[in-house]
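Raw contents of coords.txt, compact mmCIF, C-alpha atoms:
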# COMPACT_ATOMS: atom_id res chain seq x y z
CA MET A 7 29.17 25.33 23.44
CA GLN A 8 26.17 23.05 23.48
CA GLY A 9 24.04 25.62 25.28
CA ASP A 10 24.96 28.27 22.72
CA GLN A 11 23.77 26.05 19.95
CA VAL A 12 20.47 25.36 21.69
CA ASN A 13 19.98 29.10 22.15
CA GLN A 14 20.75 29.67 18.49
CA LEU A 15 18.15 27.10 17.52
CA LEU A 16 15.55 28.66 19.81
CA ALA A 17 16.31 32.11 18.45
CA ALA A 18 16.02 30.86 14.91
CA GLY A 19 12.68 29.26 15.79
CA ASP A 20 11.38 32.56 17.21
CA GLY A 21 12.69 34.61 14.33
CA GLY A 22 9.86 33.69 11.98
CA SER A 23 10.48 32.99 8.34
CA SER A 24 14.28 32.95 8.49
CA GLY A 25 14.43 29.99 10.85
CA GLY A 26 12.36 26.93 11.60
CA LEU A 27 11.63 23.88 9.56
CA HIS A 28 10.11 24.16 6.10
CA PHE A 29 8.20 21.15 4.96
CA PRO A 30 7.69 21.23 1.18
CA PRO A 31 4.08 21.47 0.00
CA ILE A 32 2.63 18.05 -0.74
CA GLU A 33 2.07 18.88 -4.42
CA SER A 34 5.81 19.18 -4.97
CA LEU A 35 6.30 15.68 -3.53
CA LEU A 36 3.69 13.96 -5.65
CA GLU A 37 3.17 15.85 -8.90
CA TRP A 38 5.78 15.64 -11.62
CA PRO A 39 5.82 17.78 -14.76
CA GLY A 40 5.67 15.98 -18.08
CA PHE A 41 8.81 15.99 -20.19
CA LEU A 42 7.73 14.18 -23.35
CA PHE A 43 4.72 14.90 -25.61
CA GLU A 44 3.78 17.82 -23.39
CA GLY A 45 0.23 19.05 -23.74
CA ASN A 46 -0.99 15.75 -25.15
CA THR A 47 -3.33 14.30 -22.52
CA PHE A 48 -2.88 10.69 -23.55
CA LEU A 49 0.79 10.49 -24.46
CA GLU A 50 2.34 12.92 -21.98
CA LEU A 51 5.06 11.17 -20.04
CA ASN A 52 6.31 12.12 -16.60
CA LYS A 53 8.34 10.38 -13.89
CA VAL A 54 5.38 8.29 -12.75
CA GLY A 55 4.75 7.07 -16.28
CA VAL A 56 8.41 6.18 -16.74
CA ILE A 57 8.35 4.18 -13.48
CA TYR A 58 5.31 2.26 -14.70
CA LEU A 59 7.06 1.52 -17.99
CA PHE A 60 10.05 0.29 -15.98
CA ALA A 61 7.76 -1.88 -13.83
CA MET A 62 6.33 -3.37 -17.00
CA VAL A 63 9.64 -3.97 -18.78
CA ALA A 64 11.75 -5.20 -15.82
CA PRO A 65 9.88 -8.51 -15.25
CA LEU A 66 9.81 -9.08 -19.02
CA VAL A 67 13.60 -8.70 -19.14
CA ILE A 68 14.14 -10.91 -16.09
CA PHE A 69 12.01 -13.75 -17.41
CA THR A 70 13.29 -13.50 -20.98
CA LEU A 71 16.88 -13.72 -19.75
CA ALA A 72 15.97 -16.60 -17.45
CA ILE A 73 14.37 -18.57 -20.26
CA ARG A 74 17.04 -17.93 -22.86
CA LYS A 75 19.81 -19.59 -20.88
CA SER A 76 17.77 -22.09 -18.91
CA ALA A 77 19.81 -24.79 -17.25
CA LEU A 78 18.89 -27.73 -15.06
CA VAL A 79 20.78 -26.24 -12.16
CA PRO A 80 19.67 -22.59 -12.09
CA ARG A 81 22.28 -19.85 -11.90
CA GLY A 82 22.12 -16.08 -11.70
CA VAL A 83 18.96 -14.51 -13.03
CA GLN A 84 17.34 -17.90 -13.51
CA THR A 85 17.47 -18.43 -9.74
CA VAL A 86 15.59 -15.18 -9.18
CA ALA A 87 12.92 -16.08 -11.72
CA GLU A 88 12.46 -19.64 -10.49
CA SER A 89 12.38 -18.79 -6.81
CA SER A 90 9.86 -15.99 -7.36
CA VAL A 91 7.61 -18.28 -9.39
CA GLY A 92 7.94 -20.90 -6.66
CA PHE A 93 7.17 -18.30 -4.01
CA VAL A 94 3.96 -17.16 -5.70
CA ARG A 95 2.93 -20.75 -6.37
CA GLU A 96 3.51 -22.05 -2.85
CA ASN A 97 2.47 -19.04 -0.80
CA VAL A 98 -0.28 -17.52 -2.89
CA VAL A 99 -1.92 -20.02 -5.23
CA MET A 100 -1.63 -23.26 -3.24
CA GLN A 101 -2.60 -21.65 0.07
CA THR A 102 -5.75 -20.03 -1.22
CA MET A 103 -7.05 -21.82 -4.33
CA GLY A 104 -5.40 -25.22 -4.40
CA PRO A 105 -4.19 -26.99 -7.53
CA ASP A 106 -7.03 -25.82 -9.79
CA GLY A 107 -6.03 -22.22 -9.24
CA MET A 108 -2.83 -22.83 -11.19
CA LYS A 109 -4.40 -21.41 -14.36
CA PHE A 110 -4.44 -17.97 -12.67
CA MET A 111 -0.72 -18.21 -11.96
CA PRO A 112 0.40 -15.97 -14.90
CA PHE A 113 -2.10 -13.26 -13.92
CA LEU A 114 -1.06 -13.31 -10.27
CA LEU A 115 2.65 -13.38 -11.07
CA SER A 116 2.28 -10.40 -13.43
CA LEU A 117 0.35 -8.49 -10.77
CA PHE A 118 2.99 -9.29 -8.16
CA PHE A 119 5.92 -8.19 -10.30
CA PHE A 120 4.24 -5.06 -11.63
CA ILE A 121 3.26 -3.84 -8.16
CA PHE A 122 6.59 -4.80 -6.65
CA PHE A 123 8.68 -2.94 -9.24
CA ALA A 124 6.39 0.10 -9.10
CA ASN A 125 6.80 0.11 -5.29
CA ILE A 126 10.51 -0.59 -4.98
CA THR A 127 11.46 2.63 -6.80
CA GLU A 128 10.58 4.25 -3.48
CA VAL A 129 14.02 3.35 -2.13
CA ILE A 130 16.14 3.31 -5.30
CA PRO A 131 18.49 6.32 -5.11
CA PHE A 132 17.77 9.24 -7.48
CA ILE A 133 14.32 7.88 -8.29
CA GLN A 134 12.86 7.68 -4.79
CA PHE A 135 9.25 7.82 -5.73
CA PRO A 136 6.78 4.94 -5.37
CA ALA A 137 4.63 5.13 -8.48
CA ASN A 138 1.77 3.49 -6.62
CA SER A 139 1.45 6.51 -4.35
CA ARG A 140 -0.61 8.04 -7.15
CA MET A 141 -4.15 6.66 -7.03
CA ALA A 142 -4.60 5.94 -10.76
CA ALA A 143 -2.78 2.62 -11.11
CA PRO A 144 -3.95 1.04 -7.82
CA ALA A 145 -7.53 2.01 -8.74
CA PHE A 146 -7.15 0.54 -12.21
CA LEU A 147 -5.62 -2.68 -10.85
CA ALA A 148 -8.44 -2.99 -8.30
CA ILE A 149 -11.06 -2.57 -11.02
CA LEU A 150 -9.22 -5.17 -13.11
CA VAL A 151 -9.26 -7.61 -10.19
CA TRP A 152 -12.96 -6.87 -9.60
CA VAL A 153 -13.77 -7.66 -13.24
CA VAL A 154 -11.66 -10.84 -13.16
CA PHE A 155 -13.10 -12.36 -10.00
CA ASN A 156 -16.66 -11.56 -11.02
CA ALA A 157 -16.07 -13.00 -14.48
CA VAL A 158 -14.58 -16.16 -12.95
CA GLY A 159 -17.55 -16.50 -10.59
CA ILE A 160 -20.09 -16.04 -13.37
CA LYS A 161 -18.25 -18.47 -15.62
CA SER A 162 -17.85 -21.23 -13.03
CA GLN A 163 -21.20 -20.93 -11.22
CA GLY A 164 -23.54 -19.16 -13.62
CA PHE A 165 -24.79 -15.60 -13.13
CA PHE A 166 -27.71 -16.13 -10.76
CA SER A 167 -26.24 -18.84 -8.58
CA TYR A 168 -22.98 -16.87 -8.28
CA PHE A 169 -24.93 -13.84 -7.16
CA LYS A 170 -27.02 -15.94 -4.76
CA ASN A 171 -23.99 -17.73 -3.30
CA THR A 172 -22.17 -14.44 -2.81
CA VAL A 173 -24.98 -12.43 -1.29
CA ILE A 174 -26.59 -15.16 0.82
CA PRO A 175 -24.04 -17.02 2.95
CA PRO A 176 -25.13 -20.51 4.03
CA GLY A 177 -26.63 -21.09 7.46
CA VAL A 178 -28.07 -17.63 8.14
CA PRO A 179 -31.38 -17.53 10.11
CA GLY A 180 -34.28 -16.11 8.08
CA ALA A 181 -34.89 -13.02 10.17
CA LEU A 182 -31.32 -11.78 9.67
CA LEU A 183 -31.25 -12.54 5.96
CA PRO A 184 -32.11 -9.05 4.59
CA LEU A 185 -29.48 -7.39 6.75
CA VAL A 186 -26.78 -9.97 5.99
CA ALA A 187 -27.58 -9.87 2.27
CA VAL A 188 -27.13 -6.10 2.12
CA ILE A 189 -23.87 -6.25 4.11
CA GLU A 190 -22.49 -9.05 1.96
CA PHE A 191 -23.45 -7.27 -1.25
CA VAL A 192 -21.78 -4.02 -0.17
CA SER A 193 -18.67 -5.72 1.18
CA THR A 194 -18.17 -7.96 -1.85
CA PHE A 195 -18.99 -5.69 -4.75
CA LEU A 196 -18.21 -2.21 -3.43
CA VAL A 197 -15.80 -2.37 -0.48
CA ARG A 198 -13.47 -5.04 -1.93
CA PRO A 199 -12.13 -3.04 -4.89
CA PHE A 200 -12.11 0.19 -2.87
CA SER A 201 -10.11 -1.27 0.03
CA LEU A 202 -7.78 -3.09 -2.37
CA ALA A 203 -6.91 0.17 -4.12
CA VAL A 204 -6.75 2.30 -0.98
CA ARG A 205 -4.56 -0.21 0.87
CA LEU A 206 -1.85 -0.15 -1.78
CA PHE A 207 -2.11 3.59 -2.43
CA ALA A 208 -2.17 4.70 1.21
CA ASN A 209 0.65 2.40 2.27
CA MET A 210 2.95 3.71 -0.43
CA LEU A 211 1.93 7.34 0.13
CA ALA A 212 2.49 7.01 3.89
CA GLY A 213 5.90 5.44 3.33
CA HIS A 214 6.91 8.17 0.88
CA LEU A 215 5.84 10.93 3.28
CA LEU A 216 7.70 9.27 6.16
CA LEU A 217 10.92 9.08 4.15
CA VAL A 218 10.48 12.68 2.98
CA THR A 219 9.88 13.89 6.53
CA PHE A 220 13.10 12.42 7.84
CA ALA A 221 15.09 13.44 4.78
CA VAL A 222 13.87 17.04 5.20
CA LEU A 223 14.81 16.90 8.88
CA CYS A 224 18.32 15.64 8.03
CA GLU A 225 18.79 18.27 5.35
CA ASN A 226 17.62 21.11 7.59
CA LEU A 227 19.90 20.11 10.45
CA TRP A 228 22.79 19.71 8.05
CA ALA A 229 22.23 23.03 6.27
CA LYS A 230 21.88 25.03 9.45
CA ASN A 231 25.02 23.38 10.84
CA ILE A 232 23.68 23.45 14.36
CA LEU A 233 23.47 20.73 16.97
CA VAL A 234 25.92 18.51 15.14
CA SER A 235 25.71 16.12 18.03
CA ILE A 236 22.10 15.17 17.25
CA ILE A 237 22.27 15.15 13.47
CA TRP A 238 22.75 11.40 13.41
CA ALA A 239 19.35 10.80 15.02
CA PRO A 240 17.09 11.50 12.00
CA PHE A 241 19.72 9.97 9.73
CA VAL A 242 19.67 6.68 11.62
CA VAL A 243 15.87 6.70 11.54
CA LEU A 244 16.00 7.42 7.79
CA ILE A 245 18.27 4.43 7.17
CA GLY A 246 16.06 2.23 9.32
CA LEU A 247 12.92 3.40 7.56
CA THR A 248 14.48 2.72 4.17
CA GLY A 249 14.93 -0.91 5.19
CA PHE A 250 11.38 -0.95 6.50
CA GLU A 251 10.06 0.47 3.23
CA ILE A 252 11.76 -2.31 1.25
CA LEU A 253 9.79 -4.73 3.40
CA VAL A 254 6.58 -2.73 2.88
CA ALA A 255 7.07 -2.61 -0.90
CA PHE A 256 7.39 -6.39 -0.99
CA LEU A 257 4.59 -6.97 1.51
CA GLN A 258 2.09 -4.76 -0.30
CA ALA A 259 2.73 -6.55 -3.59
CA PHE A 260 2.31 -9.88 -1.77
CA ILE A 261 -0.89 -8.79 0.00
CA PHE A 262 -2.45 -7.42 -3.19
CA THR A 263 -1.66 -10.68 -4.97
CA ILE A 264 -2.90 -12.92 -2.16
CA LEU A 265 -6.14 -10.96 -1.75
CA THR A 266 -6.71 -11.28 -5.50
CA ALA A 267 -6.15 -15.03 -5.16
CA VAL A 268 -8.58 -15.21 -2.22
CA TYR A 269 -11.26 -13.33 -4.16
CA ILE A 270 -10.80 -15.49 -7.26
CA GLY A 271 -10.77 -18.62 -5.09
CA GLY A 272 -14.01 -17.55 -3.41
CA ALA A 273 -15.65 -17.03 -6.80
CA LEU A 274 -14.28 -20.36 -8.05
CA HIS A 275 -15.59 -22.51 -5.20
CA PRO A 276 -18.77 -21.35 -3.46
CA GLU A 277 -18.93 -21.86 0.30
CA HIS A 278 -21.15 -24.74 1.30
CA MET B 4 -18.35 41.99 7.51
CA ILE B 5 -15.58 40.89 5.20
CA ASP B 6 -13.32 40.75 8.22
CA LEU B 7 -15.76 38.42 9.96
CA LEU B 8 -15.97 36.21 6.90
CA ALA B 9 -12.19 35.99 6.68
CA GLN B 10 -12.07 35.07 10.35
CA ALA B 11 -14.70 32.39 9.84
CA ASP B 12 -12.63 31.03 6.94
CA THR B 13 -9.53 30.72 9.10
CA ALA B 14 -11.61 29.12 11.82
CA VAL B 15 -12.91 26.54 9.36
CA ASP B 16 -9.35 25.81 8.22
CA GLY B 17 -8.26 25.38 11.84
CA LEU B 18 -11.19 23.10 12.59
CA LYS B 19 -10.32 21.04 9.50
CA ALA B 20 -6.76 20.60 10.72
CA VAL B 21 -7.92 19.65 14.23
CA GLY B 22 -10.48 17.25 12.80
CA ALA B 23 -7.92 15.66 10.50
CA GLY B 24 -5.43 15.11 13.32
CA LEU B 25 -8.05 13.77 15.72
CA GLY B 26 -9.61 11.64 13.00
CA TYR B 27 -6.38 9.95 12.11
CA GLY B 28 -5.52 9.36 15.76
CA LEU B 29 -8.91 7.82 16.47
CA ALA B 30 -8.78 5.72 13.31
CA ALA B 31 -5.43 4.28 14.39
CA ILE B 32 -6.59 3.01 17.81
CA GLY B 33 -8.76 0.12 16.69
CA PRO B 34 -6.44 -1.26 14.00
CA GLY B 35 -3.51 -0.97 16.42
CA VAL B 36 -5.24 -3.20 18.93
CA GLY B 37 -6.52 -5.43 16.12
CA ILE B 38 -3.14 -6.02 14.50
CA GLY B 39 -1.68 -6.74 17.93
CA LEU B 40 -4.34 -9.42 18.49
CA VAL B 41 -3.87 -10.92 15.02
CA VAL B 42 -0.08 -11.16 15.19
CA GLY B 43 -0.05 -12.24 18.84
CA ASN B 44 -2.43 -15.11 18.21
CA ALA B 45 -0.57 -16.07 15.03
CA ILE B 46 2.68 -16.29 16.99
CA THR B 47 0.97 -18.42 19.64
CA ALA B 48 -0.29 -20.73 16.91
CA MET B 49 3.14 -20.96 15.27
CA ALA B 50 4.81 -21.70 18.59
CA ARG B 51 2.33 -24.46 19.33
CA GLN B 52 2.48 -26.04 15.90
CA PRO B 53 5.63 -25.02 14.05
CA GLU B 54 4.75 -27.33 11.13
CA SER B 55 1.68 -25.19 10.31
CA ALA B 56 3.71 -21.96 10.34
CA GLY B 57 3.41 -21.39 6.58
CA MET B 58 -0.38 -21.54 6.59
CA VAL B 59 -0.66 -19.43 9.71
CA ARG B 60 1.66 -16.80 8.24
CA THR B 61 -0.42 -16.45 5.08
CA THR B 62 -3.63 -16.15 7.07
CA MET B 63 -1.92 -13.68 9.42
CA PHE B 64 -1.03 -11.41 6.50
CA LEU B 65 -4.62 -11.57 5.30
CA GLY B 66 -5.87 -10.62 8.76
CA ILE B 67 -3.38 -7.77 8.98
CA ALA B 68 -4.43 -6.51 5.54
CA PHE B 69 -8.11 -6.43 6.48
CA THR B 70 -7.48 -4.80 9.85
CA GLU B 71 -5.03 -2.26 8.52
CA ALA B 72 -7.48 -1.00 5.88
CA LEU B 73 -9.37 1.03 8.50
CA ALA B 74 -6.27 2.87 9.65
CA LEU B 75 -5.32 3.56 6.04
CA ILE B 76 -8.75 5.00 5.27
CA GLY B 77 -8.20 7.27 8.28
CA PHE B 78 -4.86 8.32 6.80
CA VAL B 79 -6.47 9.08 3.43
CA VAL B 80 -9.15 11.18 5.15
CA PHE B 81 -6.36 13.05 6.93
CA ILE B 82 -4.61 13.78 3.63
CA LEU B 83 -7.88 14.83 1.97
CA LEU B 84 -8.89 17.16 4.81
CA ASN B 85 -5.47 18.76 5.06
CA PHE B 86 -4.41 19.08 1.45
CA ALA B 87 -7.34 18.64 -0.92
Produce structure tokens that represent the structure in this file.
Amino acid sequence: MQGDQVNQLLAAGDGGSSGGLHFPPIESLLEWPGFLFEGNTFLELNKVGVIYLFAMVAPLVIFTLAIRKSALVPRGVQTVAESSVGFVRENVVMQTMGPDGMKFMPFLLSLFFFIFFANITEVIPFIQFPANSRMAAPAFLAILVWVVFNAVGIKSQGFFSYFKNTVIPPGVPGALLPLVAVIEFVSTFLVRPFSLAVRLFANMLAGHLLLVTFAVLCENLWAKNILVSIIWAPFVVLIGLTGFEILVAFLQAFIFTILTAVYIGGALHPEH
Amino acid sequence: MIDLLAQADTAVDGLKAVGAGLGYGLAAIGPGVGIGLVVGNAITAMARQPESAGMVRTTMFLGIAFTEALALIGFVVFILLNFA
């Protein structure tokens, strides 16, 4: 019985186009057709756009509901709002900037919630697409962060001293100074936004492709109705990876936020 | 002549695929070792001083994020070579 099935699988694999595993082309996993205002470049709305709108509206709804029925002892949605604010305050702002970074709290909290809700759609059934696996929004957020931390540095230290403090780290011997200055300039002003955007984008894209791979494997084994005894293997991995991707969605939002806080903190207080 | 050109085209495609696979594999070695070092040392630090666990954890995530960036750039290069 088992041997027959293995032979069937091998025969199907040899038979060319009728058998074997068909992985969908990557365009069909990432590109969604518009369904509203089609043909209009600026207003056209597709699944990615809807997910971004959801990521924008969801935190608004959560915090509005939390404020409207605020009680001394938090219940329900107020607990979620308060504990997330406390989490960002304790783990992001206080760890990297100290008390005088509290004025950046709204910015960081918005970033965290927007990225988190755009990521978590990766594992929500029937949506199952992380909006941040398209490069546009991570790139825009990285540019926004770049503008903010440079503006903060220029405002708190003045243009020339900010530039000098950033490019010339203290305590560098004179002979190494040109080399170090070039490296610092490139790493601060060019690599920072690039790596910030690529980190978020590539993590979400990799997670999406992983989930798709195992879902395709499950579906193929199920449809061909062969080797029923091993069909649970990709399914178990798929379930496990779904849990892992929830962690990744949270972690990437956290890392983006904390790196933003570190960059702003570095611009706020120069190293001595 | 056209035959030769077509063959060269397929060869280039094959080389791209080989390069993409090798590139991603090579790009993953360093960050793999690096993340192991970061997390291992963070766990040592937390075990020695449990009261500083919060600070160590934050710094650990920062270290992971910086180390991981290299592997992710390798992954992006893989995607670009294979699909773009």
Which chain B residues have any atom within 9 Å of an atom of chain A, and for each, what is the nearest pair of atoms with distance in Å to one decimal, counting all atoms listed in the file, rows sorted by chain and number, as a tab-separated table?
residue	atom	partner	partner_atom	distance
B:Gly57	CA	A:Asn97	CA	7.8
B:Met58	CA	A:Gln101	CA	6.9
B:Thr61	CA	A:Asn97	CA	7.0
B:Thr62	CA	A:Gln101	CA	9.0
B:Phe64	CA	A:Ile261	CA	7.0
B:Leu65	CA	A:Ile261	CA	7.1
B:Ala68	CA	A:Ile261	CA	7.0
B:Phe69	CA	A:Ser201	CA	8.5
B:Glu71	CA	A:Arg205	CA	7.9
B:Ala72	CA	A:Arg205	CA	5.9
B:Leu73	CA	A:Ser201	CA	8.8
B:Leu75	CA	A:Ala208	CA	5.9
B:Ile76	CA	A:Val204	CA	7.1
B:Phe78	CA	A:Ala208	CA	7.2
B:Val79	CA	A:Ala208	CA	6.5
B:Phe86	CA	A:Ile32	CA	7.4
How big is the axis-aligned box around the listed atoms of stretch 52-70 of chain B once 4 Å is added on each side, and where is its centre? Give both in Å to one decimal, as JSON.
{"center_x": -1.2, "center_y": -16.1, "center_z": 10.5, "size_x": 21.7, "size_y": 30.5, "size_z": 18.8}
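What separates atom CA of A:Leu66 from atom CA of A:Ser116 is a distance of 9.5 Å.
Using all atoms listed in the file, the shortest contact distance between A:Ile174 and any of A:Leu115, A:Ile270, A:Pro276, A:Arg74 is found at A:Pro276.
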Polymer residues at most 12 Å from B:Asn44, all atoms listed in the file, same-chain spacing of 3 or more positions, as a VMD selection string: chain B and resid 37 to 41 47 to 51 59 to 60 62 to 63 66 to 67
Find the residues near A:Gly272: any atom within 9 Å, counting all atoms listed in the file, skip ones fewer than 6 places away on the same chain, and give them as a ChimeraX atom specification. /A:102-103,155,159,172
Using Å and a single decimal, report how far atom CA of A:Phe195 sits from atom CA of A:Thr263. 18.0 Å
Could you check the closest approach to A:Val242 for each of A:Val86, A:Phe220, A:Ala255, A:Ala267 and tell me which residue wins, using only C-alpha atoms?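 Using only C-alpha atoms, the shortest distance to A:Val242 belongs to A:Phe220.
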Would you kindly return, as an MDAnalysis selection string, each protein, DNA or RNA residue with an atom no farther than 8 Å from any atom of stretch 18-33 of chain B, considering all atoms listed in the file and excluding same-chain residues fewer than 4 positions away? chainID B and resid 14 37 73:74 77:78 80:82 84:85
Can you list, as a PyMOL selection string, every protein, DNA or RNA residue that comes within 12 Å of A:Gly213 when you count all atoms listed in the file, leaving out same-chain residues fewer than 3 positions away? (chain A and resi 125-129+134-139+206-210+216-220+244+247-255+258) or (chain B and resi 75+78)
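Atom CA of A:Phe93 sits 14.7 Å away from atom CA of A:Gly107.
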Tell me which of A:Met100, A:Pro176, A:Pro112, A:Phe69 sits closest to A:Glu88, counting all atoms listed in the file. A:Phe69
